[in-house]
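input-v2.cif, holding mmCIF, C-alpha atoms:
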```
data_protein
#
loop_
_atom_site.label_atom_id
_atom_site.label_comp_id
_atom_site.auth_asym_id
_atom_site.auth_seq_id
_atom_site.Cartn_x
_atom_site.Cartn_y
_atom_site.Cartn_z
CA MET A 1 90.60 -68.70 187.43
CA GLU A 2 90.16 -72.41 188.11
CA GLN A 3 92.46 -74.39 190.33
CA SER A 4 94.03 -77.34 188.54
CA SER A 5 92.83 -80.68 189.90
CA ALA A 6 96.42 -81.93 189.70
CA LEU A 7 97.62 -79.44 192.29
CA ARG A 8 98.05 -80.30 195.95
CA PHE A 9 99.20 -78.10 198.82
CA GLY A 10 101.22 -78.98 201.88
CA GLU A 11 104.48 -78.81 203.75
CA VAL A 12 107.85 -78.12 202.12
CA PRO A 13 110.28 -80.38 204.00
CA GLU A 14 113.80 -79.26 204.80
CA THR A 15 115.13 -81.82 202.31
CA ARG A 16 113.58 -79.73 199.50
CA LEU A 17 114.88 -76.30 200.49
CA ASP A 18 117.34 -76.18 197.60
CA GLU A 19 114.47 -76.83 195.21
CA ALA A 20 112.38 -74.19 196.98
CA LEU A 21 115.12 -71.58 196.63
CA ALA A 22 115.60 -72.45 192.97
CA LEU A 23 111.89 -71.83 192.42
CA SER A 24 112.06 -68.49 194.24
CA TYR A 25 115.06 -67.35 192.20
CA LEU A 26 113.29 -68.41 189.01
CA ALA A 27 110.19 -66.43 189.92
CA PHE A 28 112.09 -63.30 190.99
CA LEU A 29 114.71 -63.41 188.19
CA GLU A 30 117.56 -63.60 190.72
CA THR A 31 121.01 -65.20 190.72
CA PRO A 32 122.40 -64.52 194.18
CA GLU A 33 126.02 -64.94 195.21
CA ASN A 34 126.99 -67.75 197.57
CA ASP A 35 126.85 -65.69 200.79
CA GLU A 36 123.41 -64.30 199.97
CA ARG A 37 122.14 -67.73 198.96
CA LYS A 38 123.39 -69.18 202.25
CA HIS A 39 121.52 -66.43 204.11
CA HIS A 40 118.34 -67.18 202.16
CA TYR A 41 118.70 -70.89 202.88
CA GLU A 42 119.05 -70.36 206.64
CA THR A 43 116.17 -67.88 206.66
CA LEU A 44 113.87 -70.23 204.77
CA ARG A 45 114.88 -73.12 207.00
CA GLU A 46 113.64 -71.20 210.06
CA CYS A 47 110.34 -70.20 208.41
CA ALA A 48 107.09 -72.16 208.30
CA ARG A 49 106.60 -73.24 204.67
CA VAL A 50 103.70 -74.04 202.34
CA GLY A 51 104.25 -75.57 198.92
CA ALA A 52 102.15 -76.19 195.83
CA TYR A 53 102.88 -79.44 194.00
CA ASP A 54 102.02 -80.59 190.51
CA GLY A 55 102.62 -84.29 190.92
CA ASP A 56 105.91 -84.35 192.80
CA ARG A 57 107.17 -81.09 191.32
CA LEU A 58 107.25 -78.00 193.52
CA VAL A 59 105.53 -75.21 191.55
CA GLY A 60 104.65 -72.78 194.34
CA LEU A 61 106.21 -71.59 197.59
CA MET A 62 105.08 -69.45 200.50
CA ALA A 63 106.83 -69.02 203.84
CA THR A 64 106.16 -67.09 207.04
CA TYR A 65 108.47 -65.43 209.53
CA ASP A 66 107.64 -65.89 213.20
CA PHE A 67 106.92 -62.21 213.93
CA THR A 68 105.37 -60.35 216.84
CA LEU A 69 103.69 -57.06 215.91
CA SER A 70 103.14 -54.04 218.15
CA LEU A 71 99.51 -52.93 218.44
CA PRO A 72 97.92 -49.96 220.17
CA GLY A 73 98.31 -50.99 223.80
CA GLY A 74 99.90 -54.39 223.23
CA GLU A 75 101.21 -56.89 220.71
CA LEU A 76 100.18 -60.07 218.92
CA PRO A 77 101.86 -62.85 216.96
CA ALA A 78 101.63 -61.88 213.28
CA PRO A 79 103.36 -64.25 210.85
CA GLY A 80 105.03 -62.35 208.01
CA LEU A 81 104.61 -63.74 204.50
CA THR A 82 107.76 -64.06 202.42
CA PHE A 83 109.31 -66.09 199.57
CA VAL A 84 105.94 -66.05 197.77
CA SER A 85 106.76 -67.65 194.41
CA VAL A 86 104.88 -69.33 191.58
CA ALA A 87 106.60 -71.14 188.72
CA PRO A 88 106.13 -69.19 185.47
CA THR A 89 104.73 -72.39 183.89
CA HIS A 90 101.90 -72.43 186.45
CA ARG A 91 100.66 -68.85 186.53
CA ARG A 92 96.87 -68.32 186.57
CA ARG A 93 96.21 -71.89 187.61
CA GLY A 94 95.18 -71.22 191.21
CA VAL A 95 98.59 -71.83 192.77
CA LEU A 96 98.65 -68.68 194.91
CA SER A 97 94.98 -69.06 195.89
CA GLY A 98 95.58 -72.63 196.96
CA MET A 99 98.62 -71.72 199.05
CA MET A 100 96.73 -68.85 200.71
CA ALA A 101 93.84 -71.19 201.53
CA GLU A 102 96.27 -73.66 203.10
CA LEU A 103 97.92 -70.86 205.06
CA TYR A 104 94.60 -69.56 206.37
CA ARG A 105 93.63 -73.12 207.32
CA ARG A 106 96.82 -73.41 209.37
CA PHE A 107 96.29 -70.01 210.97
CA GLY A 108 92.76 -71.00 211.94
CA ALA A 109 93.93 -74.25 213.50
CA ALA A 110 96.65 -72.43 215.46
CA GLY A 111 94.39 -69.55 216.57
CA THR A 112 96.54 -66.97 214.76
CA PRO A 113 94.69 -63.62 214.76
CA LEU A 114 96.91 -61.57 212.41
CA ALA A 115 99.22 -61.94 209.44
CA CYS A 116 101.32 -59.36 207.64
CA LEU A 117 103.48 -58.82 204.60
CA TRP A 118 105.67 -56.02 203.29
CA ALA A 119 104.31 -53.79 200.56
CA SER A 120 103.86 -55.70 197.34
CA GLU A 121 101.31 -55.68 194.57
CA ASP A 122 98.12 -54.27 196.06
CA ALA A 123 95.97 -55.75 193.29
CA ILE A 124 97.14 -59.23 194.29
CA TYR A 125 97.18 -59.23 198.08
CA GLY A 126 94.18 -56.97 198.53
CA ARG A 127 92.13 -59.79 197.00
CA TYR A 128 93.18 -62.00 199.91
CA GLY A 129 92.10 -59.50 202.57
CA PHE A 130 95.33 -57.60 203.28
CA GLY A 131 94.77 -53.94 204.15
CA THR A 132 97.14 -51.03 204.60
CA GLY A 133 98.85 -51.45 207.96
CA THR A 134 101.46 -48.69 207.81
CA ARG A 135 102.43 -45.84 205.52
CA GLY A 136 105.85 -44.22 205.15
CA LEU A 137 107.44 -41.13 203.65
CA THR A 138 110.62 -40.75 201.64
CA VAL A 139 112.39 -37.62 202.84
CA GLU A 140 115.30 -35.83 201.18
CA ILE A 141 117.51 -33.14 202.76
CA ASN A 142 119.67 -30.74 200.77
CA SER A 143 122.82 -30.91 202.90
CA SER A 144 124.93 -28.61 200.76
CA ARG A 145 124.38 -26.15 203.60
CA PRO A 146 123.85 -26.60 207.36
CA LEU A 147 120.44 -27.93 208.34
CA ALA A 148 118.24 -25.06 209.47
CA LEU A 149 116.30 -25.89 212.65
CA ARG A 150 113.60 -24.16 214.68
CA ILE A 151 114.54 -25.94 217.93
CA ALA A 152 117.81 -26.37 219.82
CA PRO A 153 119.43 -29.79 219.28
CA ASP A 154 120.48 -31.92 222.22
CA GLU A 155 124.15 -31.05 222.73
CA ARG A 156 125.26 -34.25 224.42
CA PRO A 157 128.13 -35.93 222.55
CA LEU A 158 127.53 -38.40 219.75
CA ARG A 159 129.47 -41.63 219.50
CA LEU A 160 130.09 -44.21 216.79
CA VAL A 161 128.95 -47.74 217.67
CA ASP A 162 130.70 -50.91 216.56
CA PRO A 163 128.24 -53.02 214.52
CA ALA A 164 129.12 -56.00 216.70
CA ASP A 165 127.71 -54.13 219.71
CA VAL A 166 124.44 -53.13 218.05
CA PRO A 167 122.14 -55.98 219.23
CA ALA A 168 123.15 -55.51 222.87
CA LEU A 169 123.06 -51.70 222.80
CA LEU A 170 120.23 -50.86 220.41
CA GLY A 171 118.11 -53.97 220.90
CA PRO A 172 116.64 -53.06 224.34
CA TYR A 173 116.10 -49.45 223.25
CA TYR A 174 114.31 -50.51 220.08
CA GLU A 175 112.10 -52.92 222.00
CA ARG A 176 111.09 -50.15 224.40
CA THR A 177 110.32 -47.65 221.66
CA ARG A 178 108.66 -50.31 219.49
CA ALA A 179 105.84 -50.59 221.99
CA VAL A 180 105.04 -46.88 221.65
CA ARG A 181 104.12 -47.06 217.96
CA ALA A 182 101.87 -49.67 216.31
CA GLY A 183 102.98 -51.72 213.33
CA ARG A 184 106.53 -52.59 214.39
CA THR A 185 107.94 -56.11 214.51
CA ALA A 186 110.12 -57.47 217.30
CA ARG A 187 113.75 -58.09 216.30
CA THR A 188 115.88 -61.05 217.26
CA GLU A 189 119.65 -60.82 217.58
CA ARG A 190 119.89 -62.69 214.30
CA TRP A 191 117.62 -60.13 212.62
CA TRP A 192 119.83 -57.30 213.86
CA ARG A 193 122.99 -58.97 212.59
CA GLU A 194 121.79 -60.39 209.28
CA GLU A 195 119.25 -57.78 208.20
CA TRP A 196 120.55 -54.53 209.68
CA MET A 197 124.29 -55.04 210.14
CA VAL A 198 125.03 -56.89 206.89
CA GLU A 199 128.16 -55.30 205.45
CA LYS A 200 127.06 -55.12 201.81
CA ASP A 201 123.85 -53.30 201.02
CA PRO A 202 121.62 -55.79 199.16
CA GLU A 203 120.30 -53.09 196.81
CA ASP A 204 123.47 -51.17 196.01
CA ASP A 205 127.03 -52.51 195.98
CA ASP A 206 128.42 -48.97 196.03
CA MET A 207 127.04 -48.24 199.49
CA SER A 208 129.31 -48.25 202.53
CA PRO A 209 128.88 -50.75 205.36
CA PRO A 210 126.33 -49.61 207.98
CA ARG A 211 127.37 -46.76 210.24
CA ILE A 212 125.77 -46.40 213.66
CA VAL A 213 125.76 -43.24 215.75
CA ALA A 214 124.25 -43.06 219.23
CA LEU A 215 123.44 -40.18 221.56
CA GLY A 216 123.12 -40.18 225.33
CA GLU A 217 124.07 -42.28 228.34
CA PRO A 218 121.72 -44.02 228.87
CA LEU A 219 120.86 -44.25 225.20
CA ALA A 220 118.43 -41.53 224.07
CA GLY A 221 118.55 -42.04 220.33
CA TYR A 222 120.46 -43.53 217.42
CA VAL A 223 120.73 -43.57 213.65
CA ILE A 224 121.78 -46.34 211.26
CA TYR A 225 122.94 -45.10 207.87
CA ARG A 226 125.17 -45.81 204.88
CA THR A 227 127.12 -43.43 202.67
CA LYS A 228 127.79 -43.42 198.95
CA SER A 229 130.67 -41.68 197.24
CA GLY A 230 129.86 -39.29 194.46
CA GLY A 231 133.14 -39.98 192.70
CA HIS A 232 134.47 -36.57 191.69
CA GLY A 233 131.31 -34.89 192.98
CA PRO A 234 129.49 -34.77 196.32
CA GLY A 235 128.34 -38.02 197.89
CA SER A 236 125.12 -38.91 199.68
CA VAL A 237 123.91 -40.26 203.02
CA HIS A 238 121.16 -42.90 203.17
CA ILE A 239 119.20 -43.43 206.38
CA GLY A 240 118.05 -46.89 207.40
CA GLU A 241 116.58 -45.98 210.79
CA LEU A 242 116.53 -43.03 213.15
CA GLU A 243 115.02 -43.25 216.62
CA ALA A 244 114.94 -40.54 219.29
CA ASP A 245 113.38 -40.03 222.70
CA THR A 246 112.82 -36.30 222.19
CA PRO A 247 112.64 -33.80 219.33
CA ALA A 248 115.93 -32.31 220.55
CA VAL A 249 117.66 -35.69 220.24
CA ALA A 250 116.20 -36.16 216.76
CA ALA A 251 117.38 -32.67 215.79
CA ALA A 252 120.91 -33.50 216.93
CA LEU A 253 120.97 -36.68 214.84
CA TRP A 254 119.57 -34.98 211.73
CA ARG A 255 122.05 -32.11 212.13
CA TYR A 256 124.88 -34.63 212.32
CA LEU A 257 123.71 -36.45 209.18
CA ALA A 258 123.33 -33.21 207.21
CA GLY A 259 126.82 -32.15 208.28
CA ILE A 260 128.75 -35.21 207.06
CA ASP A 261 131.65 -34.01 204.93
CA LEU A 262 131.72 -34.59 201.14
CA SER A 263 127.98 -35.16 200.94
CA HIS A 264 125.26 -32.85 199.66
CA LYS A 265 122.16 -35.02 200.09
CA VAL A 266 120.56 -37.03 202.88
CA THR A 267 117.82 -39.49 201.93
CA ALA A 268 115.58 -41.40 204.33
CA TRP A 269 113.62 -44.01 202.38
CA ALA A 270 111.03 -44.63 205.09
CA ARG A 271 109.91 -42.20 207.79
CA PRO A 272 106.62 -42.05 209.73
CA LEU A 273 103.89 -39.77 208.46
CA ASP A 274 104.15 -37.71 211.65
CA ASP A 275 107.95 -37.34 211.67
CA PRO A 276 108.69 -34.24 213.81
CA LEU A 277 111.53 -33.33 211.43
CA LEU A 278 108.90 -31.97 209.06
CA HIS A 279 107.84 -29.45 211.70
CA PHE A 280 111.09 -28.48 213.42
CA CYS A 281 113.07 -27.96 210.23
CA ALA A 282 113.20 -24.24 209.45
CA ASP A 283 113.11 -24.55 205.66
CA ARG A 284 110.77 -27.01 203.93
CA ASP A 285 112.56 -26.31 200.67
CA GLN A 286 115.63 -27.86 202.29
CA VAL A 287 113.68 -30.84 203.73
CA ARG A 288 111.33 -32.29 201.12
CA VAL A 289 108.92 -35.21 201.10
CA THR A 290 109.59 -36.94 197.78
CA GLY A 291 107.26 -39.93 198.14
CA GLU A 292 104.68 -41.76 200.24
CA GLU A 293 103.86 -45.44 200.06
CA THR A 294 102.42 -48.39 201.91
CA GLY A 295 104.83 -50.36 204.07
CA LEU A 296 103.29 -53.17 206.06
CA ARG A 297 100.03 -54.81 204.98
CA VAL A 298 97.87 -56.38 207.68
CA ARG A 299 95.41 -59.26 207.45
CA LEU A 300 92.83 -59.85 210.20
CA VAL A 301 92.67 -63.64 210.23
CA ASP A 302 90.47 -63.74 213.35
CA VAL A 303 88.65 -60.41 213.41
CA GLY A 304 87.23 -60.81 216.89
CA ALA A 305 90.51 -61.84 218.51
CA ALA A 306 92.36 -59.02 216.77
CA LEU A 307 89.86 -56.37 217.86
CA ARG A 308 89.81 -57.59 221.45
CA ALA A 309 93.63 -57.53 221.65
CA ARG A 310 94.20 -53.83 220.97
CA SER A 311 93.53 -50.80 223.14
CA TRP A 312 90.94 -48.17 222.28
CA ALA A 313 90.91 -44.38 222.40
CA ALA A 314 87.15 -44.08 223.07
CA ASP A 315 84.03 -46.12 223.74
CA VAL A 316 82.02 -47.24 220.73
CA ASP A 317 79.05 -49.47 219.98
CA VAL A 318 78.65 -50.45 216.34
CA VAL A 319 77.36 -53.40 214.32
CA LEU A 320 79.77 -54.46 211.58
CA ASP A 321 78.77 -56.57 208.61
CA VAL A 322 82.15 -57.95 207.53
CA ARG A 323 82.71 -59.59 204.16
CA ASP A 324 85.51 -62.15 203.95
CA ALA A 325 85.68 -64.44 200.94
CA HIS A 326 88.66 -66.43 202.27
CA VAL A 327 87.97 -66.89 206.01
CA PRO A 328 84.22 -67.57 206.31
CA ALA A 329 84.35 -67.51 210.12
CA ASN A 330 84.94 -63.74 209.93
CA ALA A 331 81.94 -63.03 207.73
CA GLY A 332 78.58 -61.75 208.94
CA ARG A 333 77.20 -59.23 211.41
CA HIS A 334 78.89 -58.72 214.77
CA ARG A 335 78.44 -56.09 217.45
CA LEU A 336 81.68 -54.38 218.45
CA SER A 337 81.23 -52.81 221.85
CA VAL A 338 84.04 -50.99 223.64
CA ARG A 339 83.54 -49.88 227.22
CA GLN A 340 86.34 -48.40 229.34
CA GLY A 341 88.98 -49.79 227.03
CA THR A 342 87.66 -53.36 226.87
CA ALA A 343 86.19 -54.66 223.60
CA THR A 344 83.63 -57.39 223.01
CA TYR A 345 82.77 -58.72 219.56
CA GLU A 346 79.73 -60.96 219.31
CA PRO A 347 77.44 -62.24 216.53
CA THR A 348 74.16 -60.33 216.23
CA ASP A 349 70.98 -60.16 214.18
CA ALA A 350 70.79 -56.39 214.62
CA PRO A 351 70.94 -54.22 211.48
CA ALA A 352 74.44 -53.30 210.33
CA ASP A 353 75.79 -49.82 210.97
CA LEU A 354 78.74 -50.41 208.65
CA VAL A 355 79.28 -52.92 205.83
CA LEU A 356 82.88 -53.47 204.83
CA ASP A 357 85.35 -56.01 203.53
CA VAL A 358 87.94 -57.43 205.91
CA ARG A 359 90.55 -55.62 203.81
CA GLU A 360 89.11 -52.22 204.76
CA LEU A 361 88.81 -53.24 208.40
CA GLY A 362 92.49 -54.20 208.28
CA SER A 363 93.37 -50.77 206.89
CA GLY A 364 91.66 -49.11 209.86
CA TYR A 365 92.79 -51.63 212.47
CA LEU A 366 96.07 -49.96 213.50
CA GLY A 367 94.64 -46.49 212.93
CA THR A 368 96.31 -45.94 209.55
CA ILE A 369 93.40 -45.12 207.23
CA PRO A 370 90.20 -43.59 208.66
CA LEU A 371 87.13 -45.66 207.78
CA ARG A 372 85.20 -42.49 206.99
CA GLU A 373 87.67 -41.87 204.14
CA LEU A 374 87.04 -45.37 202.86
CA ALA A 375 83.31 -44.69 203.14
CA ARG A 376 83.70 -41.55 201.03
CA ALA A 377 85.58 -43.69 198.50
CA GLY A 378 82.66 -46.12 198.29
CA LEU A 379 84.57 -48.96 199.95
CA VAL A 380 82.64 -48.89 203.25
CA THR A 381 78.84 -48.61 203.33
CA GLU A 382 77.55 -46.53 206.23
CA HIS A 383 73.94 -47.33 207.11
CA THR A 384 74.00 -45.30 210.33
CA PRO A 385 75.24 -41.73 209.82
CA GLY A 386 78.33 -41.04 211.93
CA ALA A 387 79.13 -44.72 212.56
CA ALA A 388 82.41 -44.60 210.62
CA ALA A 389 83.52 -41.44 212.43
CA SER A 390 82.68 -42.97 215.82
CA LEU A 391 84.70 -46.08 215.04
CA ASP A 392 87.60 -43.94 213.77
CA THR A 393 87.63 -42.05 217.07
CA ALA A 394 87.89 -45.33 218.97
CA LEU A 395 90.64 -46.65 216.66
CA ARG A 396 92.72 -43.46 216.83
CA THR A 397 96.35 -43.67 217.97
CA ASP A 398 98.61 -40.88 219.24
CA LEU A 399 101.41 -41.84 216.83
CA ALA A 400 101.03 -42.88 213.22
CA PRO A 401 101.57 -46.63 212.72
CA PHE A 402 104.95 -47.21 211.10
CA THR A 403 107.66 -49.77 210.48
CA VAL A 404 110.94 -49.69 208.61
CA ASP A 405 111.58 -53.46 208.67
CA ASP A 406 110.88 -54.75 205.19
CA PHE A 407 110.92 -58.41 204.35
#
```
Would you give me this structure, written as structure tokens?
Amino acid sequence: MEQSSALRFGEVPETRLDEALALSYLAFLETPENDERKHHYETLRECARVGAYDGDRLVGLMATYDFTLSLPGGELPAPGLTFVSVAPTHRRRGVLSGMMAELYRRFGAAGTPLACLWASEDAIYGRYGFGTGTRGLTVEINSSRPLALRIAPDERPLRLVDPADVPALLGPYYERTRAVRAGRTARTERWWREEWMVEKDPEDDDMSPPRIVALGEPLAGYVIYRTKSGGHGPGSVHIGELEADTPAVAAALWRYLAGIDLSHKVTAWARPLDDPLLHFCADRDQVRVTGEETGLRVRLVDVGAALRARSWAADVDVVLDVRDAHVPANAGRHRLSVRQGTATYEPTDAPADLVLDVRELGSGYLGTIPLRELARAGLVTEHTPGAAASLDTALRTDLAPFTVDDF
């Protein structure tokens, strides 16, 4: 694919946001209502924006949220890609490649170590170095009968929470629990109100407004869910997020959800791979995993800075030969040495222990996909036997990386 010489890439000024939204709606076959369009406009206005121009015509758009991502032992700024759109008249002309190159140039100038995006077409974004950052399960509960449990639920009373009170009540709790699990983005008050507490579900007009139930004083857990009437038959309950300090708190929240009158099914569209529900439920025929998919994708823009920023589960000393077709500064052999939790990452002429693309390194970065599995798949070349396993041990996290915030 050759990039057209007529194309140029640069800023999308605020004066052209209407044009940018029109391009996005054209690319995604959307015709939003006025309230949704207003929300999109305000969101895009607050994002950093890259455009592709053919002459003076905007033919490509890419924007980034100002996100902060939790890592093992810390956090880093990690801009989140969104509104990625190419005019149908300009497909396969290098528009996306040019915008990605401009974005990586900006990230390099700003010293940005990470970028992320929500699950999209792997064949597209994998080419640009995005690896699997988090995985999630879809879980379905048959709630036509009481939820069978192997542990005693927390018996403290539950209470309904007014959506207006959610940022103040749930926000501090979420921020505390966010730090415990890698892959989660910080939430602003605006994000809580306009992404989580929006009255109409953007995917299904028949859903109820969000319902919020909390347990404990101080707060020990909460669930955000919507319900859907079944008409003349049983309805369903749809979980947006469930957080709990202990398995007993989680059991109390799941028991509540499965006991909602006039419903016979509870669906959670995204749960962590290590959700304790799957162990403390007494009947796995009643609680079924119906799907598993990638959530967040992670791009190591500055490999060294990203590796030095996270914590490590074990010492390791390994030479990595990293391939990166889009950020040349990442490419080549470097020695990763971790001693007592502190990592160094320096260029070296020593022979490589592992050869891998930056995409595969991104998939292992948060501890999501073991590099030894990628080696068995032929995607990582292991020149020193055991090197992949040693690096996996150092990258290991106690909890599976996970996020439920899509964008």
- For Leu215 of chain A, please output as a PyMOL selection string all residues within 6 Å (counting all atoms listed in the file; exclusion window: fewer than 3 positions along the same chain). chain A and resi 158+220-221
Take the residues from that selection and put them in a file with C-alpha atoms, as an mmCIF file, keeping the file's coordinate frame.
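Listing of out04.cif after writing:
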```
data_model
loop_
_atom_site.group_PDB
_atom_site.id
_atom_site.type_symbol
_atom_site.label_atom_id
_atom_site.label_comp_id
_atom_site.auth_asym_id
_atom_site.auth_seq_id
_atom_site.Cartn_x
_atom_site.Cartn_y
_atom_site.Cartn_z
ATOM 1 C CA LEU A 158 127.530 -38.400 219.750
ATOM 2 C CA ALA A 220 118.430 -41.530 224.070
ATOM 3 C CA GLY A 221 118.550 -42.040 220.330
#
```
The centre and edge lengths of an axis-aligned box containing all atoms of segment 259-266 of chain A present in the file, extended by 5 Å on each side, are to be given in Å to one decimal, as JSON.
```
{"center_x": 126.1, "center_y": -34.6, "center_z": 204.0, "size_x": 21.2, "size_y": 14.9, "size_z": 18.6}
```
- Query: Taking (116.3, -41.1, 213.0) in the file's coordinates, which residues come within 12 Å, counting all atoms listed in the file, written as a ChimeraX atom specification?
  - Reply: /A:139,174,212-215,220-225,238-257,266-272,275-277,404
- Explicit residues for the PyMOL selection byres ((chain A and resi 403) around 8) (as a list of chain:residue names):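 With the PyMOL selection byres ((chain A and resi 403) around 8) on this model, the match is A:Thr134, A:Gly136, A:Gly183, A:Arg184, A:Thr185, A:Pro272, A:Gly295, A:Leu296, A:Pro401, A:Phe402, A:Val404, A:Asp405, A:Asp406.
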- Query: What gap, in Å, lies between atom CA of Arg135 of chain A and atom CA of Glu293 of chain A?
  - Reply: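 So the two atoms, atom CA of Arg135 of chain A and atom CA of Glu293 of chain A, lie 5.7 Å apart.
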- Message: Could you tell me, as number ranges by chain, exactly which residues end up selected when the PyMOL selection byres ((chain A and resi 358) around 12) is applied to this structure?
- Response: A: 114, 126-132, 298-304, 306, 320-332, 354-357, 359-365, 371, 379-380
Please tabulate, as a Markdown table, the residues of segment 113-175 of chain A that come within 7 Å of segment 76-81 of chain A, each with its closest pair of atoms and the distance in Å to one decimal, counting only C-alpha atoms and ordering rows by chain, then residue number upward.
```
| residue | atom | partner | partner_atom | distance |
| --- | --- | --- | --- | --- |
| A:Leu114 | CA | A:Ala78 | CA | 4.8 |
| A:Ala115 | CA | A:Ala78 | CA | 4.5 |
| A:Cys116 | CA | A:Gly80 | CA | 4.8 |
| A:Leu117 | CA | A:Leu81 | CA | 5.0 |
```
- Query: Residues picked by the PyMOL selection byres ((chain A and resi 9) around 6) here, as a ChimeraX atom specification?
  - Reply: /A:8,10,51-52
With C-alpha atoms kept, could you save the residues just selected as a PDB file, in the coordinates of the input?
```
ATOM      1  CA  ARG A   8      98.050 -80.300 195.950  1.00  0.00           C
ATOM      2  CA  GLY A  10     101.220 -78.980 201.880  1.00  0.00           C
ATOM      3  CA  GLY A  51     104.250 -75.570 198.920  1.00  0.00           C
ATOM      4  CA  ALA A  52     102.150 -76.190 195.830  1.00  0.00           C
TER       5      ALA A  52
END
```
Residues of segment 43-106 of chain A at most 10 Å from segment 22-38 of chain A: nearest atom pair and distance in Å, only C-alpha atoms, as CSV:
```
residue,atom,partner,partner_atom,distance
A:Thr43,CA,A:Lys38,CA,8.6
A:Leu44,CA,A:Lys38,CA,9.9
A:Leu58,CA,A:Leu23,CA,7.8
A:Val59,CA,A:Leu23,CA,7.3
A:Gly60,CA,A:Leu23,CA,7.6
A:Leu61,CA,A:Ser24,CA,7.4
A:Met62,CA,A:Ser24,CA,9.4
A:Phe83,CA,A:Ser24,CA,6.5
A:Val84,CA,A:Ser24,CA,7.5
A:Ser85,CA,A:Ser24,CA,5.4
A:Val86,CA,A:Ala27,CA,6.3
A:Ala87,CA,A:Ala27,CA,6.0
A:Pro88,CA,A:Ala27,CA,6.6
```
- Task: For segment 288-291 of chain A, list every protein, DNA or RNA residue within 8 Å, evaluated using only C-alpha atoms, and leave out those in the same chain fewer than 6 positions away; present the list as a VMD selection string.
- Result: chain A and resid 137 to 141
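Pairwise distance (atom CA of Asp66 of chain A, atom CA of Tyr41 of chain A) equals 15.9 Å.
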